[in-house]
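Below is input.txt, holding compact mmCIF, C-alpha atoms.
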```
# COMPACT_ATOMS: atom_id res chain seq x y z
CA MET A 9 -6.54 16.74 0.45
CA PRO A 10 -7.17 13.02 0.40
CA ILE A 11 -9.14 10.89 2.77
CA VAL A 12 -7.95 7.34 3.34
CA ASP A 13 -10.13 4.58 4.77
CA VAL A 14 -8.61 1.25 5.80
CA TYR A 15 -10.84 -1.74 6.50
CA ALA A 16 -9.39 -4.84 8.17
CA ALA A 17 -10.22 -7.47 10.75
CA GLY A 18 -9.97 -6.08 14.26
CA GLY A 19 -6.50 -6.43 15.74
CA THR A 20 -4.70 -6.49 12.39
CA PHE A 21 -2.76 -3.35 13.24
CA PRO A 22 -1.17 -2.95 16.68
CA ASP A 23 -0.76 0.84 16.27
CA PRO A 24 -3.64 2.17 14.16
CA HIS A 25 -2.94 5.83 14.99
CA THR A 26 0.59 5.70 13.55
CA LEU A 27 -0.69 3.76 10.55
CA ALA A 28 -3.33 6.42 9.88
CA ARG A 29 -0.77 9.24 10.14
CA ASP A 30 1.71 7.46 7.85
CA LEU A 31 -0.92 6.72 5.20
CA ALA A 32 -2.23 10.30 5.22
CA ALA A 33 1.29 11.71 4.92
CA ALA A 34 2.15 9.36 2.05
CA VAL A 35 -0.89 10.31 0.00
CA MET A 36 -0.27 14.00 0.64
CA ARG A 37 3.32 13.57 -0.66
CA TRP A 38 2.08 11.80 -3.79
CA GLU A 39 -0.46 14.55 -4.42
CA GLN A 40 2.53 16.93 -4.29
CA VAL A 41 0.62 19.70 -2.56
CA PRO A 42 2.48 22.37 -0.59
CA ASP A 43 3.13 21.62 3.08
CA LEU A 44 0.48 24.00 4.33
CA PRO A 45 -1.92 23.64 7.26
CA VAL A 46 -4.91 23.81 4.89
CA PHE A 47 -3.69 20.54 3.33
CA ALA A 48 -2.14 18.87 6.39
CA ASN A 49 -5.21 19.56 8.55
CA ASN A 50 -7.59 18.24 5.90
CA THR A 51 -5.70 15.09 4.89
CA ALA A 52 -6.63 12.17 7.11
CA ALA A 53 -6.86 8.41 7.36
CA PHE A 54 -9.39 6.33 9.24
CA ILE A 55 -8.71 2.76 10.38
CA HIS A 56 -11.88 0.67 10.56
CA ASP A 57 -11.67 -2.52 12.63
CA LEU A 58 -14.21 -5.06 11.40
CA ASP A 59 -15.29 -8.36 12.84
CA ALA A 60 -13.41 -10.98 10.80
CA ALA A 61 -16.77 -12.58 10.03
CA ALA A 62 -17.71 -9.40 8.11
CA ILE A 63 -14.90 -9.97 5.55
CA SER A 64 -14.66 -12.80 3.05
CA ASN A 65 -13.34 -13.66 -0.35
CA VAL A 66 -14.97 -16.43 -2.40
CA ALA A 67 -12.85 -19.06 -0.62
CA GLY A 68 -13.97 -17.80 2.81
CA ASP A 69 -10.70 -16.10 3.79
CA SER A 70 -11.04 -12.96 5.91
CA ASN A 71 -7.41 -11.85 6.20
CA TYR A 72 -7.60 -9.06 3.63
CA VAL A 73 -7.13 -5.31 3.93
CA ARG A 74 -8.99 -2.76 1.84
CA VAL A 75 -7.50 0.72 1.50
CA GLN A 76 -9.76 3.29 -0.16
CA VAL A 77 -8.25 6.63 -1.14
CA LEU A 78 -10.55 9.53 -2.04
CA THR A 79 -8.94 12.50 -3.78
CA PRO A 80 -10.20 15.54 -5.63
CA LEU A 81 -10.72 14.96 -9.35
CA GLY A 82 -7.56 14.61 -11.44
CA VAL A 83 -4.86 15.02 -8.79
CA LEU A 84 -3.28 11.60 -9.36
CA ASP A 85 -1.84 11.03 -12.83
CA ARG A 86 -0.75 7.49 -13.80
CA GLU A 87 2.71 7.82 -12.24
CA LYS A 88 1.19 9.03 -8.97
CA GLN A 89 -1.42 6.24 -9.03
CA LEU A 90 1.29 3.60 -9.35
CA GLY A 91 3.40 5.22 -6.64
CA VAL A 92 0.64 5.75 -4.09
CA VAL A 93 -0.72 2.20 -4.49
CA SER A 94 2.77 0.74 -4.04
CA GLU A 95 3.67 2.89 -1.03
CA LEU A 96 0.35 2.43 0.77
CA THR A 97 0.64 -1.33 0.31
CA GLU A 98 4.12 -1.25 1.84
CA ILE A 99 2.99 0.92 4.77
CA VAL A 100 0.07 -1.41 5.54
CA THR A 101 2.29 -4.48 5.28
CA ALA A 102 4.92 -2.97 7.59
CA ALA A 103 2.27 -1.92 10.11
CA ASP A 104 0.96 -5.47 10.32
CA GLY A 105 4.43 -7.06 10.31
CA ASP A 106 3.33 -9.88 7.98
CA PRO A 107 5.02 -9.63 4.56
CA SER A 108 2.37 -11.91 3.04
CA LEU A 109 -0.26 -9.22 3.71
CA ARG A 110 1.12 -7.43 0.65
CA GLU A 111 -0.65 -10.00 -1.54
CA ARG A 112 -3.93 -9.48 0.33
CA THR A 113 -4.02 -5.68 0.38
CA TRP A 114 -6.40 -4.01 -2.04
CA VAL A 115 -5.94 -0.30 -2.73
CA LEU A 116 -8.83 1.49 -4.45
CA LEU A 117 -8.35 4.98 -5.85
CA THR A 118 -11.49 7.07 -6.05
CA GLU A 119 -11.97 10.64 -7.25
CA ALA A 120 -14.58 13.01 -5.89
CA PRO A 121 -16.48 14.75 -8.68
CA GLU A 122 -15.82 18.44 -9.31
CA GLY A 123 -17.52 20.26 -6.44
CA GLY A 124 -17.81 17.02 -4.45
CA TRP A 125 -15.08 17.78 -1.91
CA GLY A 126 -16.60 19.40 1.16
CA ILE A 127 -14.56 21.21 3.78
CA ALA A 128 -15.99 23.43 6.52
CA GLY A 129 -19.47 23.15 5.07
CA HIS A 130 -18.51 24.17 1.51
CA ALA A 131 -18.52 21.88 -1.55
CA ASN A 132 -15.20 22.82 -3.15
CA THR A 133 -14.16 22.70 -6.77
CA ASN A 134 -10.50 22.20 -7.67
CA ALA A 135 -10.34 25.97 -8.26
CA ASP A 136 -11.67 26.56 -4.74
CA ILE A 137 -8.98 24.29 -3.29
CA ALA A 138 -6.28 26.06 -5.31
CA GLU A 139 -7.54 29.40 -3.98
CA LEU A 140 -7.35 28.08 -0.41
CA ALA A 141 -3.70 27.19 -1.07
CA ARG A 142 -2.91 30.58 -2.62
CA THR A 143 -4.48 32.33 0.36
CA ALA A 144 -2.50 30.18 2.81
CA ILE A 145 0.75 30.84 0.94
CA GLY A 146 0.02 34.57 0.98
CA GLU A 147 -0.64 34.47 4.72
CA ARG A 148 2.67 32.66 5.27
CA SER A 149 4.71 35.20 3.32
```
Spit out the file's structure as structure tokens when you get a sec.
Amino acid sequence: MPIVDVYAAGGTFPDPHTLARDLAAAVMRWEQVPDLPVFANNTAAFIHDLDAAAISNVAGDSNYVRVQVLTPLGVLDREKQLGVVSELTEIVTAADGDPSLRERTWVLLTEAPEGGWGIAGHANTNADIAELARTAIGERS
């Protein structure tokens, strides 16, 4: 159940809602969780438009995009890390329409500590999340 935050200069993305949906869906696929409402409803992306003056590299350029992905501890092995970084970069680049943005897109993968993933007012462990999935699968059967 990842959360994705994208930070870019305002106006970078003409359709931020579609971008958010596509990023959330991609990370959910890479996590390889079952297609259940408990996961789909709690996987989201947020597009943050910043004033270009609030972004700068050492040279003073502000045309960068930062994508931060927060997942529960241990859900992305090395293969999944490589895949999610590549796909999110491609989604961001396509959403902007500028192929050179690929070289200026930073993707940061972050893991919440065990028990550091709160949903509905409860700090969940990985076991808690697995139990939510088992319950949802049982309800679907």
Handout entry: Pick from A:Thr79, A:Met36, A:Pro45, A:His25 nearest to A:Asn134, counting all atoms listed in the file
Key = A:Thr79
Pick out the residues sitting within 10 Å of A:Leu58, and hand them over as a PDB file with C-alpha atoms, in the coordinates of the input; count only C-alpha atoms, and ignore anything fewer than 4 positions along from it in its own chain.
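Saved result, result35.pdb, follows:
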```pdb
ATOM      1  CA  TYR A  15     -10.840  -1.740   6.500  1.00  0.00           C
ATOM      2  CA  ALA A  16      -9.390  -4.840   8.170  1.00  0.00           C
ATOM      3  CA  ALA A  17     -10.220  -7.470  10.750  1.00  0.00           C
ATOM      4  CA  GLY A  18      -9.970  -6.080  14.260  1.00  0.00           C
ATOM      5  CA  GLY A  19      -6.500  -6.430  15.740  1.00  0.00           C
ATOM      6  CA  THR A  20      -4.700  -6.490  12.390  1.00  0.00           C
ATOM      7  CA  ALA A  62     -17.710  -9.400   8.110  1.00  0.00           C
ATOM      8  CA  ILE A  63     -14.900  -9.970   5.550  1.00  0.00           C
TER       9      ILE A  63
END
```
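Every protein or nucleic acid residue with an atom no more than 10 Å from A:Glu95, counting all atoms listed in the file and leaving out same-chain residues fewer than 6 positions away, appears here: Leu31, Ala34, Val35, Trp38 and Thr101 of chain A.
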Given 8 Å on each side, where is the centre and what are the edge lengths in Å to one decimal of the axis-aligned box enclosing the listed atoms of stretch 33-36 of chain A, as AutoDock Vina command-line options?
```
--center_x 0.6 --center_y 11.7 --center_z 2.5 --size_x 19.0 --size_y 20.6 --size_z 20.9
```
Problem - Residue nearest A:Ser64 among A:Asn132, A:Glu119, A:Arg112, A:Ala144 (counting all atoms listed in the file) - result: A:Arg112
Fill in the blank from the handout: Nearest to A:Pro22, restricted to all atoms listed in the file and choosing among A:Ser70, A:Asp104, A:Lys88, A:Ser94, comes out as A:Asp104
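For the pair atom CA of A:Ile11 and atom CA of A:Asn50, the interatomic distance is 8.1 Å.
Note that the spacing between atom CA of A:Glu147 and atom CA of A:Ile127 amounts to 19.2 Å.
Ranking A:Trp125, A:Phe47, A:Phe54, A:Tyr72 by their shortest atom-to-atom distance to A:Thr26, with only C-alpha atoms included, puts A:Phe54 first.
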Problem - Minimum-distance residue to A:Val100, chosen among A:Ala61, A:Ala131, A:Ala32, A:Leu78 (using only C-alpha atoms) - result: A:Ala32
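Nearest residue to A:Ala135 among A:Leu81, A:Val12, A:Leu117, A:Leu44 is A:Leu81, counting only C-alpha atoms.
Interatomic distance, atom CA of A:Ala120 to atom CA of A:Met9: 10.9 Å.
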Considering only C-alpha atoms, return as a short mmCIF file (atom, residue, chain, number, x, y, z; two decimals) with C-alpha atoms, in the frame of the given file whatever protein or nucleic-acid residues lie within 12 Å of A:Val46, sequence-local ones (same chain, fewer than 4 positions apart) excluded.
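Writing the result to around_32.cif gives the following:
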```
data_model
loop_
_atom_site.label_atom_id
_atom_site.label_comp_id
_atom_site.auth_asym_id
_atom_site.auth_seq_id
_atom_site.Cartn_x
_atom_site.Cartn_y
_atom_site.Cartn_z
CA MET A 9 -6.54 16.74 0.45
CA PRO A 10 -7.17 13.02 0.40
CA MET A 36 -0.27 14.00 0.64
CA VAL A 41 0.62 19.70 -2.56
CA PRO A 42 2.48 22.37 -0.59
CA ASN A 50 -7.59 18.24 5.90
CA THR A 51 -5.70 15.09 4.89
CA ALA A 52 -6.63 12.17 7.11
CA ILE A 127 -14.56 21.21 3.78
CA ALA A 128 -15.99 23.43 6.52
CA ILE A 137 -8.98 24.29 -3.29
CA ALA A 138 -6.28 26.06 -5.31
CA GLU A 139 -7.54 29.40 -3.98
CA LEU A 140 -7.35 28.08 -0.41
CA ALA A 141 -3.70 27.19 -1.07
CA ARG A 142 -2.91 30.58 -2.62
CA THR A 143 -4.48 32.33 0.36
CA ALA A 144 -2.50 30.18 2.81
CA ILE A 145 0.75 30.84 0.94
CA GLU A 147 -0.64 34.47 4.72
CA ARG A 148 2.67 32.66 5.27
#
```
Could you please fill out stretch 76-91 of chain A with N, CA, C and O atoms and send it back as a short mmCIF file (atom, residue, chain, number, x, y, z; two decimals), in the coordinates of the input?
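Output file result18.cif is given in full below:
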```cif
data_model
loop_
_atom_site.label_atom_id
_atom_site.label_comp_id
_atom_site.auth_asym_id
_atom_site.auth_seq_id
_atom_site.Cartn_x
_atom_site.Cartn_y
_atom_site.Cartn_z
N GLN A 76 -9.05 2.44 0.81
CA GLN A 76 -9.76 3.29 -0.16
C GLN A 76 -9.25 4.71 -0.01
O GLN A 76 -9.26 5.27 1.09
N VAL A 77 -8.79 5.28 -1.12
CA VAL A 77 -8.25 6.63 -1.14
C VAL A 77 -9.20 7.50 -1.95
O VAL A 77 -9.49 7.19 -3.11
N LEU A 78 -9.68 8.58 -1.35
CA LEU A 78 -10.55 9.53 -2.04
C LEU A 78 -9.78 10.83 -2.21
O LEU A 78 -9.28 11.40 -1.24
N THR A 79 -9.65 11.26 -3.47
CA THR A 79 -8.94 12.50 -3.78
C THR A 79 -9.83 13.39 -4.63
O THR A 79 -10.78 12.92 -5.26
N PRO A 80 -9.51 14.68 -4.68
CA PRO A 80 -10.20 15.54 -5.63
C PRO A 80 -9.92 15.06 -7.07
O PRO A 80 -8.89 14.44 -7.35
N LEU A 81 -10.80 15.37 -7.96
CA LEU A 81 -10.72 14.96 -9.35
C LEU A 81 -9.40 15.35 -10.00
O LEU A 81 -8.97 16.49 -9.93
N GLY A 82 -8.73 14.36 -10.60
CA GLY A 82 -7.56 14.61 -11.44
C GLY A 82 -6.24 14.86 -10.75
O GLY A 82 -5.26 15.18 -11.43
N VAL A 83 -6.13 14.70 -9.44
CA VAL A 83 -4.86 15.02 -8.79
C VAL A 83 -3.81 13.91 -8.92
O VAL A 83 -2.63 14.17 -8.74
N LEU A 84 -4.23 12.70 -9.23
CA LEU A 84 -3.28 11.60 -9.36
C LEU A 84 -3.19 11.16 -10.82
O LEU A 84 -4.09 10.49 -11.34
N ASP A 85 -2.08 11.54 -11.48
CA ASP A 85 -1.84 11.03 -12.83
C ASP A 85 -1.38 9.58 -12.72
O ASP A 85 -1.28 9.02 -11.61
N ARG A 86 -1.09 8.93 -13.83
CA ARG A 86 -0.75 7.49 -13.80
C ARG A 86 0.48 7.20 -12.94
O ARG A 86 0.49 6.24 -12.17
N GLU A 87 1.51 8.03 -13.04
CA GLU A 87 2.71 7.82 -12.24
C GLU A 87 2.39 7.90 -10.74
O GLU A 87 2.85 7.09 -9.94
N LYS A 88 1.58 8.87 -10.37
CA LYS A 88 1.19 9.03 -8.97
C LYS A 88 0.30 7.87 -8.51
O LYS A 88 0.41 7.42 -7.38
N GLN A 89 -0.58 7.39 -9.37
CA GLN A 89 -1.42 6.24 -9.03
C GLN A 89 -0.55 5.03 -8.70
O GLN A 89 -0.76 4.37 -7.67
N LEU A 90 0.41 4.75 -9.58
CA LEU A 90 1.29 3.60 -9.35
C LEU A 90 2.09 3.77 -8.05
O LEU A 90 2.22 2.83 -7.26
N GLY A 91 2.60 4.97 -7.83
CA GLY A 91 3.40 5.22 -6.64
C GLY A 91 2.61 5.14 -5.35
O GLY A 91 3.05 4.51 -4.38
#
```
